[in-house]
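Novice: Dropping in data.csv, which is CSV, C-alpha atoms and all ligand atoms:
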chain,number,residue,atom,x,y,z
A,1,MET,CA,-16.0,-12.8,20.1
A,2,LYS,CA,-16.6,-15.0,17.2
A,3,LYS,CA,-16.4,-18.8,17.5
A,4,THR,CA,-13.6,-19.1,15.0
A,5,LEU,CA,-11.6,-16.7,17.1
A,6,LEU,CA,-12.2,-18.7,20.3
A,7,ASN,CA,-11.0,-21.8,18.4
A,8,TYR,CA,-8.0,-19.9,17.3
A,9,ILE,CA,-7.2,-18.8,20.9
A,10,THR,CA,-7.6,-22.4,22.1
A,11,LEU,CA,-5.2,-23.5,19.5
A,12,ILE,CA,-2.7,-20.8,20.5
A,13,ILE,CA,-3.0,-21.9,24.2
A,14,ALA,CA,-2.1,-25.4,23.1
A,15,LEU,CA,0.8,-24.2,20.9
A,16,SER,CA,2.0,-21.8,23.5
A,17,LEU,CA,3.4,-24.7,25.6
A,18,VAL,CA,5.9,-25.1,22.9
A,19,ILE,CA,6.3,-21.6,21.5
A,20,PHE,CA,6.3,-19.4,24.6
A,21,THR,CA,8.8,-21.4,26.6
A,22,VAL,CA,11.4,-19.6,24.5
A,23,PRO,CA,12.6,-16.8,26.8
A,24,LEU,CA,12.0,-13.4,25.4
A,25,ASN,CA,14.0,-10.7,27.2
A,26,SER,CA,12.1,-7.9,25.6
A,27,LEU,CA,9.8,-7.2,22.7
A,28,ALA,CA,12.8,-5.7,20.9
A,29,SER,CA,14.6,-9.0,20.9
A,30,ASP,CA,11.3,-10.6,19.8
A,31,MET,CA,11.2,-8.2,16.9
A,32,GLU,CA,14.8,-8.7,16.1
A,33,GLN,CA,14.2,-12.4,15.8
A,34,PHE,CA,11.3,-11.7,13.5
A,35,PHE,CA,13.2,-9.2,11.4
A,36,SER,CA,16.3,-11.4,11.2
A,37,LYS,CA,14.0,-14.1,9.7
A,38,GLU,CA,12.9,-11.6,7.1
A,39,PRO,CA,16.1,-10.8,6.7
A,40,LYS,CA,15.9,-7.2,7.9
A,41,ILE,CA,19.2,-6.9,9.6
A,42,GLN,CA,22.4,-7.1,7.7
A,43,ASN,CA,25.7,-6.4,9.6
A,44,ASP,CA,23.7,-4.2,12.1
A,45,VAL,CA,22.7,-1.8,9.3
A,46,TYR,CA,18.9,-1.6,9.5
A,47,GLN,CA,17.1,-2.6,6.3
A,48,TYR,CA,14.0,-0.5,5.9
A,49,PHE,CA,10.9,-1.8,4.0
A,50,SER,CA,10.6,-0.7,0.4
A,51,TYR,CA,7.3,-0.2,-1.2
A,52,ASP,CA,7.3,-3.7,-2.7
A,53,THR,CA,8.4,-5.5,0.5
A,54,MET,CA,5.9,-3.6,2.5
A,55,THR,CA,3.1,-4.5,0.0
A,56,ASP,CA,4.0,-8.2,0.2
A,57,PHE,CA,4.3,-8.1,4.0
A,58,LEU,CA,0.9,-6.4,4.4
A,59,ILE,CA,-0.9,-8.7,1.9
A,60,GLU,CA,0.5,-11.7,3.8
A,61,LEU,CA,-0.4,-10.3,7.2
A,62,GLU,CA,-3.9,-9.4,6.1
A,63,LYS,CA,-4.4,-12.9,4.6
A,64,ASN,CA,-3.7,-14.5,8.0
A,65,ASN,CA,-5.5,-12.1,10.2
A,66,SER,CA,-8.5,-10.9,8.2
A,67,GLU,CA,-10.8,-10.8,11.2
A,68,VAL,CA,-9.0,-7.8,12.7
A,69,MET,CA,-7.1,-6.4,9.7
A,70,SER,CA,-8.2,-5.1,6.3
A,71,LEU,CA,-6.0,-3.8,3.5
A,72,ASP,CA,-7.3,-1.6,0.8
A,73,SER,CA,-6.0,0.5,-2.0
A,74,ILE,CA,-7.4,4.0,-1.6
A,75,GLY,CA,-5.8,5.5,-4.6
A,76,THR,CA,-3.1,5.1,-7.2
A,77,THR,CA,0.0,7.3,-7.6
A,78,TYR,CA,1.2,9.0,-10.8
A,79,GLU,CA,3.6,6.1,-11.3
A,80,GLY,CA,0.9,3.5,-10.7
A,81,ARG,CA,1.5,2.3,-7.2
A,82,ASP,CA,-1.4,1.6,-4.9
A,83,ILE,CA,-1.8,3.8,-1.8
A,84,TRP,CA,-2.4,1.2,0.9
A,85,MET,CA,-4.8,1.8,3.8
A,86,VAL,CA,-4.8,-0.7,6.7
A,87,LYS,CA,-7.7,-0.8,9.2
A,88,LEU,CA,-7.4,-2.6,12.4
A,89,SER,CA,-10.4,-3.4,14.6
A,90,ASP,CA,-12.6,-6.2,15.7
A,91,ASN,CA,-15.2,-7.0,13.1
A,92,VAL,CA,-13.0,-5.1,10.8
A,93,GLU,CA,-15.2,-5.4,7.7
A,94,SER,CA,-18.0,-3.5,9.3
A,95,ASN,CA,-18.1,0.2,10.2
A,96,GLU,CA,-18.7,0.1,13.9
A,97,ASP,CA,-19.7,3.0,16.1
A,98,GLU,CA,-16.2,3.2,17.6
A,99,PRO,CA,-13.9,6.2,17.7
A,100,GLY,CA,-11.3,6.3,14.9
A,101,ILE,CA,-7.7,7.3,14.8
A,102,LEU,CA,-5.6,7.9,11.7
A,103,LEU,CA,-1.9,7.4,11.5
A,104,ILE,CA,0.0,8.5,8.3
A,105,GLY,CA,3.6,7.9,7.3
A,106,SER,CA,5.7,9.3,4.5
A,107,HIS,CA,4.0,12.4,3.3
A,108,HIS,CA,7.7,12.9,2.4
A,109,GLY,CA,9.3,10.0,0.6
A,110,ASN,CA,12.8,10.4,2.1
A,111,GLU,CA,11.6,10.1,5.7
A,112,TRP,CA,11.7,6.3,6.1
A,113,PRO,CA,11.2,5.8,9.8
A,114,SER,CA,7.7,7.3,9.3
A,115,PHE,CA,6.5,4.2,7.5
A,116,GLU,CA,8.7,1.7,9.4
A,117,ILE,CA,7.2,2.5,12.8
A,118,LEU,CA,3.6,2.1,11.4
A,119,ILE,CA,4.3,-1.3,9.8
A,120,TYR,CA,5.9,-2.4,13.1
A,121,PHE,CA,2.8,-1.1,15.1
A,122,ILE,CA,0.4,-2.9,12.8
A,123,ARG,CA,2.3,-6.2,13.2
A,124,HIS,CA,2.5,-5.8,17.0
A,125,MET,CA,-1.3,-5.2,17.3
A,126,VAL,CA,-2.2,-8.1,15.0
A,127,GLU,CA,0.2,-10.5,16.7
A,128,LEU,CA,-0.7,-9.7,20.3
A,129,TYR,CA,-4.4,-9.6,19.6
A,130,TYR,CA,-4.3,-13.4,19.2
A,131,LYS,CA,-1.7,-14.1,21.8
A,132,VAL,CA,-2.7,-15.3,25.3
A,133,ASN,CA,-1.6,-13.1,28.2
A,134,THR,CA,2.1,-14.0,28.5
A,135,ASP,CA,4.8,-13.4,31.1
A,136,ASP,CA,7.2,-12.3,28.4
A,137,ASP,CA,10.2,-11.8,30.6
A,138,LEU,CA,9.5,-14.9,32.7
A,139,ASP,CA,9.7,-13.1,36.1
A,140,GLY,CA,6.6,-14.6,37.5
A,141,GLN,CA,4.5,-11.5,37.0
A,142,LEU,CA,2.1,-11.0,34.1
A,143,ASN,CA,2.1,-7.9,31.9
A,144,GLU,CA,3.7,-5.9,34.7
A,145,ASP,CA,5.6,-3.6,32.3
A,146,PRO,CA,3.4,-2.4,29.4
A,147,ILE,CA,4.8,-0.2,26.6
A,148,ASP,CA,4.6,3.3,28.0
A,149,GLY,CA,8.2,4.4,28.1
A,150,PHE,CA,8.6,3.6,31.8
A,151,ASP,CA,10.2,0.8,33.8
A,152,ASN,CA,6.9,0.2,35.7
A,153,ASP,CA,8.3,-2.6,37.9
A,154,GLY,CA,11.7,-1.1,38.5
A,155,ASP,CA,13.7,-4.1,37.3
A,156,GLY,CA,16.0,-2.0,35.2
A,157,SER,CA,14.6,-2.8,31.8
A,158,THR,CA,11.7,-0.9,30.2
A,159,ASP,CA,8.5,-2.2,28.6
A,160,GLU,CA,9.7,-5.8,28.7
A,161,ASP,CA,6.3,-7.4,29.3
A,162,PRO,CA,3.7,-5.8,27.0
A,163,SER,CA,0.0,-6.4,27.8
A,164,GLU,CA,-1.8,-8.6,25.3
A,165,ASP,CA,-5.1,-7.7,26.9
A,166,ARG,CA,-4.4,-4.0,26.3
A,167,VAL,CA,-4.0,-4.7,22.6
A,168,ARG,CA,-7.3,-6.6,22.6
A,169,ASP,CA,-9.1,-3.8,24.5
A,170,SER,CA,-7.8,-1.3,22.0
A,171,LEU,CA,-8.8,-3.2,18.8
A,172,ASN,CA,-12.2,-4.1,20.4
A,173,ASN,CA,-13.1,-0.5,21.1
A,174,THR,CA,-11.5,1.6,18.4
A,175,GLN,CA,-10.9,1.6,14.7
A,176,ILE,CA,-7.3,2.3,13.8
A,177,PHE,CA,-6.7,3.5,10.3
A,178,PHE,CA,-3.2,3.6,8.8
A,179,ILE,CA,-1.8,5.0,5.6
A,180,PRO,CA,1.8,3.7,6.3
A,181,MET,CA,3.3,5.0,3.0
A,182,LEU,CA,1.3,7.8,1.5
A,183,ASN,CA,4.0,8.8,-1.0
A,184,PRO,CA,5.4,5.4,-2.4
A,185,ASP,CA,6.7,7.1,-5.6
A,186,GLY,CA,8.8,9.3,-3.4
A,187,VAL,CA,10.0,6.4,-1.2
A,188,ASP,CA,11.0,4.4,-4.2
A,189,TYR,CA,12.9,7.2,-6.0
A,190,GLY,CA,16.6,6.7,-6.3
A,191,ASP,CA,18.7,5.4,-3.4
A,192,SER,CA,17.2,7.5,-0.6
A,193,GLY,CA,13.8,8.6,-1.8
A,194,SER,CA,12.4,12.0,-2.7
A,195,ARG,CA,10.7,14.5,-0.4
A,196,LYS,CA,8.1,15.3,-3.0
A,197,ASN,CA,6.0,12.9,-5.1
A,198,ARG,CA,7.0,12.3,-8.7
A,199,VAL,CA,4.4,14.0,-10.9
A,200,PRO,CA,5.8,16.0,-13.8
A,201,ASN,CA,5.1,19.7,-13.2
A,202,HIS,CA,4.0,22.1,-16.0
A,203,GLY,CA,4.8,25.4,-14.4
A,204,PRO,CA,3.5,26.7,-11.0
A,205,PHE,CA,-0.2,26.5,-12.1
A,206,GLY,CA,0.1,23.6,-14.5
A,207,PHE,CA,-0.5,25.8,-17.6
A,208,ARG,CA,2.8,25.2,-19.4
A,209,ASP,CA,3.0,22.6,-22.2
A,210,GLU,CA,6.5,21.4,-21.3
A,211,VAL,CA,7.6,19.6,-18.2
A,212,THR,CA,9.3,22.1,-16.0
A,213,SER,CA,10.2,20.0,-13.0
A,214,TYR,CA,9.0,17.0,-10.9
A,215,GLY,CA,7.2,16.6,-7.7
A,216,VAL,CA,4.7,18.3,-5.3
A,217,ASN,CA,5.3,18.6,-1.5
A,218,LEU,CA,2.2,16.7,-0.4
A,219,ASN,CA,2.3,18.3,3.0
A,220,ARG,CA,1.6,21.7,1.3
A,221,ASN,CA,-1.1,20.5,-1.0
A,222,TYR,CA,-4.0,20.3,1.4
A,223,GLY,CA,-6.7,22.8,0.5
A,224,PHE,CA,-7.0,24.9,3.6
A,225,ASP,CA,-6.5,28.7,3.7
A,226,TRP,CA,-4.6,28.9,0.4
A,227,ILE,CA,-6.1,32.4,0.1
A,228,LEU,CA,-3.7,33.5,2.7
A,229,TYR,CA,-0.8,33.2,0.2
A,230,TYR,CA,-2.3,36.0,-1.7
A,231,LEU,CA,-3.3,38.2,1.3
A,232,PHE,CA,0.1,37.8,3.0
A,233,PRO,CA,2.5,36.7,0.3
A,234,ILE,CA,5.7,37.6,2.2
A,235,HIS,CA,4.6,36.0,5.5
A,236,PHE,CA,3.7,32.7,3.8
A,237,HIS,CA,6.8,32.5,1.6
A,238,ILE,CA,4.8,32.4,-1.6
A,239,LEU,CA,7.7,32.1,-3.9
A,240,VAL,CA,9.1,28.9,-2.2
A,241,ASN,CA,5.6,27.4,-2.3
A,242,LEU,CA,4.6,28.6,-5.7
A,243,MET,CA,7.8,27.7,-7.7
A,244,ASP,CA,7.4,24.2,-9.0
A,245,ALA,CA,11.1,23.3,-8.7
A,246,SER,CA,11.1,24.2,-5.0
A,247,PHE,CA,11.3,21.4,-2.3
A,248,ASN,CA,8.1,23.0,-0.8
A,249,TYR,CA,6.1,23.3,-4.1
A,250,ARG,CA,2.4,23.2,-3.1
A,251,GLY,CA,1.1,21.9,-6.4
A,252,PRO,CA,-1.0,23.6,-9.1
A,253,SER,CA,-4.2,23.6,-7.0
A,254,PRO,CA,-5.5,22.4,-3.6
A,255,PHE,CA,-5.8,18.6,-3.6
A,256,SER,CA,-4.3,18.4,-7.1
A,257,GLU,CA,-2.5,15.2,-6.1
A,258,ASN,CA,-3.8,11.6,-6.0
A,259,GLU,CA,-2.2,11.1,-2.6
A,260,THR,CA,-3.9,14.1,-0.9
A,261,LYS,CA,-7.2,13.2,-2.6
A,262,ALA,CA,-7.0,9.8,-1.1
A,263,VAL,CA,-6.5,11.2,2.4
A,264,LYS,CA,-9.4,13.6,1.9
A,265,SER,CA,-11.7,10.9,0.8
A,266,LEU,CA,-10.8,8.6,3.7
A,267,VAL,CA,-11.2,11.4,6.3
A,268,GLU,CA,-14.6,12.5,4.8
A,269,ASN,CA,-15.9,8.9,5.0
A,270,GLN,CA,-14.7,7.8,8.4
A,271,ASN,CA,-15.3,9.0,11.9
A,272,ILE,CA,-11.7,10.1,12.9
A,273,CYS,CA,-11.2,12.1,16.1
A,274,LEU,CA,-7.4,11.9,16.6
A,275,SER,CA,-4.6,11.7,14.1
A,276,VAL,CA,-0.8,11.8,13.8
A,277,SER,CA,1.2,12.3,10.7
A,278,PHE,CA,4.8,11.1,11.1
A,279,HIS,CA,7.9,12.7,9.6
A,280,SER,CA,11.6,12.6,10.3
A,281,TYR,CA,13.6,14.2,11.9
A,282,SER,CA,14.0,16.3,15.1
A,283,GLU,CA,12.3,14.3,18.0
A,284,ILE,CA,9.6,16.9,18.3
A,285,ILE,CA,5.8,16.9,18.5
A,286,PHE,CA,3.6,19.8,17.3
A,287,TYR,CA,0.1,20.7,16.5
A,288,PRO,CA,-2.1,23.4,14.8
A,289,TRP,CA,-2.1,26.1,14.0
A,290,TYR,CA,1.0,26.2,11.8
A,291,HIS,CA,0.2,29.5,10.1
A,292,THR,CA,-0.3,31.7,13.1
A,293,SER,CA,0.6,31.8,16.7
A,294,LYS,CA,-3.1,32.2,17.6
A,295,LYS,CA,-4.1,29.3,19.8
A,296,THR,CA,-7.0,27.0,18.8
A,297,PRO,CA,-10.0,26.6,21.1
A,298,HIS,CA,-8.6,23.1,21.8
A,299,GLU,CA,-5.2,24.2,23.1
A,300,ASP,CA,-5.7,22.5,26.4
A,301,THR,CA,-6.6,19.2,24.8
A,302,PHE,CA,-3.8,19.4,22.3
A,303,ILE,CA,-1.3,20.0,25.2
A,304,SER,CA,-2.7,17.2,27.3
A,305,ILE,CA,-2.5,14.6,24.5
A,306,GLY,CA,0.9,16.0,23.3
A,307,GLU,CA,2.3,15.8,26.8
A,308,ASN,CA,1.2,12.3,27.2
A,309,MET,CA,2.8,11.3,24.0
A,310,SER,CA,5.9,13.1,25.0
A,311,LYS,CA,6.1,11.1,28.2
A,312,ILE,CA,6.2,7.9,26.1
A,313,ASN,CA,8.6,8.9,23.3
A,314,LYS,CA,10.5,11.5,25.3
A,315,TYR,CA,10.3,14.0,22.4
A,316,ARG,CA,9.8,17.7,23.0
A,317,LEU,CA,6.3,19.1,22.7
A,318,LEU,CA,6.3,22.5,21.0
A,319,ILE,CA,3.6,24.4,22.7
A,320,GLY,CA,1.6,27.0,20.9
A,321,GLY,CA,3.8,26.7,17.8
A,322,ASP,CA,6.7,28.5,19.6
A,323,TYR,CA,10.1,28.1,17.9
A,324,ILE,CA,9.0,26.6,14.6
A,325,ILE,CA,6.2,29.0,13.7
A,326,PRO,CA,6.9,32.6,13.4
A,327,LYS,CA,4.6,34.9,15.1
A,328,ILE,CA,3.3,36.2,11.8
A,329,GLY,CA,3.2,33.8,9.0
A,330,GLY,CA,4.2,30.1,8.9
A,331,THR,CA,3.1,27.2,6.9
A,332,LEU,CA,0.0,26.7,4.8
A,333,GLY,CA,-1.4,23.5,3.1
A,334,THR,CA,-0.4,21.0,5.8
A,335,TYR,CA,-2.3,17.9,6.7
A,336,GLU,CA,-2.7,18.9,10.3
A,337,ASN,CA,-4.1,22.4,9.7
A,338,TRP,CA,-6.6,20.9,7.2
A,339,ALA,CA,-7.6,17.9,9.4
A,340,TYR,CA,-8.2,20.1,12.4
A,341,GLY,CA,-9.5,23.2,10.6
A,342,GLU,CA,-11.9,21.4,8.2
A,343,HIS,CA,-12.7,18.2,10.1
A,344,ASN,CA,-12.1,19.0,13.8
A,345,ILE,CA,-9.6,16.2,14.1
A,346,LEU,CA,-7.0,16.7,16.8
A,347,ALA,CA,-4.1,16.2,14.5
A,348,PHE,CA,-0.4,16.2,15.4
A,349,ASN,CA,2.9,16.1,13.6
A,350,ILE,CA,5.6,13.9,15.1
A,351,GLU,CA,9.2,14.3,13.8
A,352,LEU,CA,10.9,11.0,14.5
A,353,CYS,CA,14.6,10.4,15.3
A,354,ARG,CA,17.6,12.6,15.3
A,355,SER,CA,18.5,12.0,11.7
A,356,ARG,CA,16.3,11.6,8.6
A,357,VAL,CA,17.0,7.9,8.0
A,358,PRO,CA,19.0,6.3,10.9
A,359,THR,CA,20.6,3.0,10.0
A,360,ASN,CA,21.5,1.8,13.5
A,361,THR,CA,19.3,-1.1,14.2
A,362,ASN,CA,18.9,-0.4,17.9
A,363,ILE,CA,17.9,3.2,17.2
A,364,VAL,CA,15.3,2.2,14.6
A,365,LEU,CA,13.8,-0.6,16.8
A,366,ASP,CA,13.7,1.6,19.8
A,367,THR,CA,11.8,4.2,17.8
A,368,CYS,CA,9.4,1.6,16.6
A,369,LEU,CA,8.8,0.3,20.1
A,370,LYS,CA,8.2,3.7,21.6
A,371,HIS,CA,5.6,4.5,19.0
A,372,VAL,CA,3.8,1.3,19.7
A,373,GLY,CA,3.3,2.9,23.1
A,374,VAL,CA,2.2,6.2,21.4
A,375,GLY,CA,-0.2,4.4,19.1
A,376,LEU,CA,-1.8,2.4,22.0
A,377,TYR,CA,-2.1,5.6,24.0
A,378,LEU,CA,-3.8,7.4,21.1
A,379,SER,CA,-6.3,4.6,20.8
A,380,GLU,CA,-7.1,4.7,24.5
A,381,ARG,CA,-7.4,8.4,24.5
A,382,ALA,CA,-9.7,8.3,21.5
A,383,GLN,CA,-12.1,6.2,23.7
A,384,THR,CA,-11.9,8.9,26.4
A,385,LEU,CA,-12.7,11.6,23.9
A,386,ASP,CA,-15.7,9.7,22.8
A,387,ILE,CA,-17.0,9.0,26.3
A,388,GLU,CA,-16.5,12.7,27.3
A,389,LYS,CA,-18.4,13.5,24.1
A,390,ILE,CA,-16.2,16.4,23.3
A,391,LYS,CA,-18.0,18.2,20.5
A,392,LEU,CA,-15.6,20.2,18.6
A,393,PRO,CA,-17.1,23.3,17.2
A,394,LEU,CA,-16.7,24.0,13.5
A,395,LEU,CA,-13.7,26.2,13.0
A,396,LYS,CA,-12.4,28.6,10.5
A,397,SER,CA,-9.0,30.0,11.1
A,398,ILE,CA,-9.8,33.3,9.4
A,401,CA,CA,2.9,-10.0,28.2
A,402,CA,CA,6.6,-10.5,33.5
A,403,CA,CA,10.7,-3.4,33.8
A,404,CA,CA,6.6,0.2,30.8
A,405,ZN,ZN,8.5,15.5,6.5
How would this structure read if it were set down as structure tokens?

Specialist:
Amino acid sequence: MKKTLLNYITLIIALSLVIFTVPLNSLASDMEQFFSKEPKIQNDVYQYFSYDTMTDFLIELEKNNSEVMSLDSIGTTYEGRDIWMVKLSDNVESNEDEPGILLIGSHHGNEWPSFEILIYFIRHMVELYYKVNTDDDLDGQLNEDPIDGFDNDGDGSTDEDPSEDRVRDSLNNTQIFFIPMLNPDGVDYGDSGSRKNRVPNHGPFGFRDEVTSYGVNLNRNYGFDWILYYLFPIHFHILVNLMDASFNYRGPSPFSENETKAVKSLVENQNICLSVSFHSYSEIIFYPWYHTSKKTPHEDTFISIGENMSKINKYRLLIGGDYIIPKIGGTLGTYENWAYGEHNILAFNIELCRSRVPTNTNIVLDTCLKHVGVGLYLSERAQTLDIEKIKLPLLKSI
């Protein structure tokens, strides 16, 4: 640990006599206090971040915690917004030989919980990294109920005494990358956002002079197996994906969009082994393949990680693509298929919540807290993957 950090911790210990004598019943109440200061809660209707408030918040957080947090623009959208990437790790400015995980929110701009949970997780990690081990619920035991979805000490409340050491272990041994809001143009569009981004389209292949419609579905724009559209046009719903006015329009060419280009470049330049892209809604978890019911060589590992996440967030794990993926056909151009198929990243999709944008404060905060648990688990599991030295063979799905 750096000397400045030690000084900082000493300062915190001194201050903690004052600050931490305030009883905190749970992290949720802690967060409510924080958000009410911001002011995030108005008449119990949850106020989500916007692109601008998120940008201000992340800039401020990075300024005060630059030893463990970096904030960089990894691209610019059609409407000129920065695509922010947050990295959390000790010695954050150097690229250390530690396993990396990547968490992405808002491929779809109208699915707001997907960025909200990531901003919450970032703040939790940064805040607890510098906090001394604290008996948050003042029951005389220290860190007896970490965030894992279980009431570990059987006192009737769940996850009420998160472990500060656990956060430090995590950030000292992994590199956590976030793109909390991949599609800010979509998030900022209208009152409730747009699923697609906001580029003007010029016909399905971009050849028309006039603007024919707006927006590409970023989660169909990844350049993996597009040829299957032409080999099996019916199975892969070519018309829905080809027609530019469609909600699932894939774009004029693979990686045509600035947002997917930014993800591609980040993944190509970092050592990422595990990843989750968040959407809403359905409370389900799934994993590749999405275009076939054929199982990947890593089915057992996908199931193991998926089941562990499911224990924390209580969402249903869809095994082997049953239910959502037809036996023949399915979805092409998704982030997960590309990340796994091209880069051997164990990539999951988590569909948050039971509605697209819940406004009940308790529901949103509960979702945020659960996914702090999921994020911590992923960071710990990434270390295991590294130690086990799982070498994923290069794959091609066809
Ligand atoms: Ca604690
Ligand atoms: Ca305690
Ligand atoms: Ca408990
Ligand atoms: Ca717990
Ligand atoms: Zn989505």

Novice: Which distance in Å separates atom CA of Ile101 of chain A and atom CA of Asn217 of chain A, to one decimal?

Specialist: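 Result for atom CA of Ile101 of chain A versus atom CA of Asn217 of chain A: 23.7 Å, one decimal.
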
Novice: Compile a residue-level contact table for chain A against ligand CA 403 (chain A) at a cut-off of 8 Å, reporting for every qualifying residue the shortest atom pair and its distance in Å to one decimal, with all atoms listed in the file counted, rows ordered by chain and ascending number, as JSON lines.

Specialist:
{"residue": "A:Glu144", "atom": "CA", "partner": "A:CA403", "partner_atom": "CA", "distance": 7.5}
{"residue": "A:Asp145", "atom": "CA", "partner": "A:CA403", "partner_atom": "CA", "distance": 5.3}
{"residue": "A:Phe150", "atom": "CA", "partner": "A:CA403", "partner_atom": "CA", "distance": 7.6}
{"residue": "A:Asp151", "atom": "CA", "partner": "A:CA403", "partner_atom": "CA", "distance": 4.2}
{"residue": "A:Asn152", "atom": "CA", "partner": "A:CA403", "partner_atom": "CA", "distance": 5.6}
{"residue": "A:Asp153", "atom": "CA", "partner": "A:CA403", "partner_atom": "CA", "distance": 4.8}
{"residue": "A:Gly154", "atom": "CA", "partner": "A:CA403", "partner_atom": "CA", "distance": 5.3}
{"residue": "A:Asp155", "atom": "CA", "partner": "A:CA403", "partner_atom": "CA", "distance": 4.7}
{"residue": "A:Gly156", "atom": "CA", "partner": "A:CA403", "partner_atom": "CA", "distance": 5.7}
{"residue": "A:Ser157", "atom": "CA", "partner": "A:CA403", "partner_atom": "CA", "distance": 4.4}
{"residue": "A:Thr158", "atom": "CA", "partner": "A:CA403", "partner_atom": "CA", "distance": 4.5}
{"residue": "A:Asp159", "atom": "CA", "partner": "A:CA403", "partner_atom": "CA", "distance": 5.8}
{"residue": "A:Glu160", "atom": "CA", "partner": "A:CA403", "partner_atom": "CA", "distance": 5.7}
{"residue": "A:Asp161", "atom": "CA", "partner": "A:CA403", "partner_atom": "CA", "distance": 7.5}

Novice: Per residue of chain A within 10 Å of ligand CA 402 (chain A), which atom pair is closest and at what distance in Å (one decimal), using all atoms listed in the file, listed by chain and increasing number, as CSV?

Specialist:
residue,atom,partner,partner_atom,distance
A:Asn25,CA,A:CA402,CA,9.7
A:Ser26,CA,A:CA402,CA,10.0
A:Thr134,CA,A:CA402,CA,7.6
A:Asp135,CA,A:CA402,CA,4.2
A:Asp136,CA,A:CA402,CA,5.4
A:Asp137,CA,A:CA402,CA,4.8
A:Leu138,CA,A:CA402,CA,5.3
A:Asp139,CA,A:CA402,CA,4.8
A:Gly140,CA,A:CA402,CA,5.7
A:Gln141,CA,A:CA402,CA,4.2
A:Leu142,CA,A:CA402,CA,4.6
A:Asn143,CA,A:CA402,CA,5.4
A:Glu144,CA,A:CA402,CA,5.6
A:Asp145,CA,A:CA402,CA,7.1
A:Pro146,CA,A:CA402,CA,9.6
A:Asp153,CA,A:CA402,CA,9.2
A:Asp159,CA,A:CA402,CA,9.8
A:Glu160,CA,A:CA402,CA,7.4
A:Asp161,CA,A:CA402,CA,5.2
A:Pro162,CA,A:CA402,CA,8.5
A:Ser163,CA,A:CA402,CA,9.6

Novice: Between atom CA of Leu376 of chain A and atom CA of Thr174 of chain A, what distance in Å does the model show, to one decimal?

Specialist: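 The value is 10.4 Å.
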
Novice: Of the candidates A:Asn241, A:Thr384, A:Asn258, A:Asn271, which one gets nearest to Asn95 of chain A if we count only C-alpha atoms?

Specialist: A:Asn271

Novice: Which distance in Å separates atom CA of Asp244 of chain A and atom CA of Phe205 of chain A, to one decimal?

Specialist: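 That distance, rounded to one decimal, is 8.5 Å.
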
Novice: So, with all atoms listed in the file as the atoms that count, which of A:Phe232, A:Tyr129, A:Phe115, A:Phe121 lies closest to ligand CA 401 (chain A)?

Specialist: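 The closest residue to ligand CA 401 (chain A) is A:Tyr129.
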
Novice: Which is closest to Trp84 of chain A among A:Ile272, A:Ile176, A:Leu103, A:Met181, if we use all atoms listed in the file?

Specialist: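 That would be A:Met181, the residue with the smallest distance to Trp84 of chain A.
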
Novice: Could you tell me which of A:Ile345, A:Val167, A:Leu58, A:Leu352 comes closest to ligand CA 401 (chain A) if we count all atoms listed in the file?

Specialist: A:Val167

Novice: Here's a test: counting only C-alpha atoms, identify every protein, DNA and RNA residue with an atom at most 9 Å from (11.3, 21.3, -6.1) in the file's coordinate frame, and state them as a list in words.

Specialist: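 Here the neighbourhood of the point contains Arg195, Lys196, Ser213, Tyr214, Gly215, Val216, Asn217, Val240, Met243, Asp244, Ala245, Ser246, Phe247, Asn248 and Tyr249 of chain A.
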
Novice: Excluding Thr301 of chain A and any residue of its chain fewer than 2 positions from it, enumerate the residues within 12 Å of it, using all atoms listed in the file, and give them as a list in words.

Specialist: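 Selected residues are Leu274, Tyr287, Pro288, Lys295, Thr296, Pro297, His298, Glu299, Ile303, Ser304, Ile305, Gly306, Glu307, Asn308, Ile319, Gly320, Ile345, Leu346, Ala347, Phe348, Arg381, Ala382, Thr384, Leu385, Ile390 and Leu392 of chain A.
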
Novice: Given all atoms listed in the file as the basis, pick out the residue of A:Ile59, A:Ile119, A:Leu378, A:Val68 nearest to Ile312 of chain A.

Specialist: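 With all atoms listed in the file as the atom set, the closest residue is A:Leu378.
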
Novice: Which residue gives the smallest distance to Ile74 of chain A among A:Leu218, A:Leu369, A:Leu231, A:Leu266, with all atoms listed in the file counted?

Specialist: A:Leu266

Novice: Taking all atoms listed in the file into account, report as a ChimeraX atom specification which residues have an atom no farther than 6 Å from an atom of ligand ZN 405 (chain A).

Specialist: /A:108,279-280

Novice: Contacts of Ser73 of chain A at 10 Å or less, counting only C-alpha atoms, minus same-chain residues fewer than 2 places along, as a ChimeraX atom specification?

Specialist: /A:71,75-76,81-86,179,262

Novice: Could you save those same residues with C-alpha atoms as a JSON list (two decimals), in the coordinates of the input?

Specialist:
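Full text of again35.json as output:
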[["chain", "number", "residue", "atom", "x", "y", "z"],
["A", 71, "LEU", "CA", -6.00, -3.80, 3.50],
["A", 75, "GLY", "CA", -5.80, 5.50, -4.60],
["A", 76, "THR", "CA", -3.10, 5.10, -7.20],
["A", 81, "ARG", "CA", 1.50, 2.30, -7.20],
["A", 82, "ASP", "CA", -1.40, 1.60, -4.90],
["A", 83, "ILE", "CA", -1.80, 3.80, -1.80],
["A", 84, "TRP", "CA", -2.40, 1.20, 0.90],
["A", 85, "MET", "CA", -4.80, 1.80, 3.80],
["A", 86, "VAL", "CA", -4.80, -0.70, 6.70],
["A", 179, "ILE", "CA", -1.80, 5.00, 5.60],
["A", 262, "ALA", "CA", -7.00, 9.80, -1.10]]
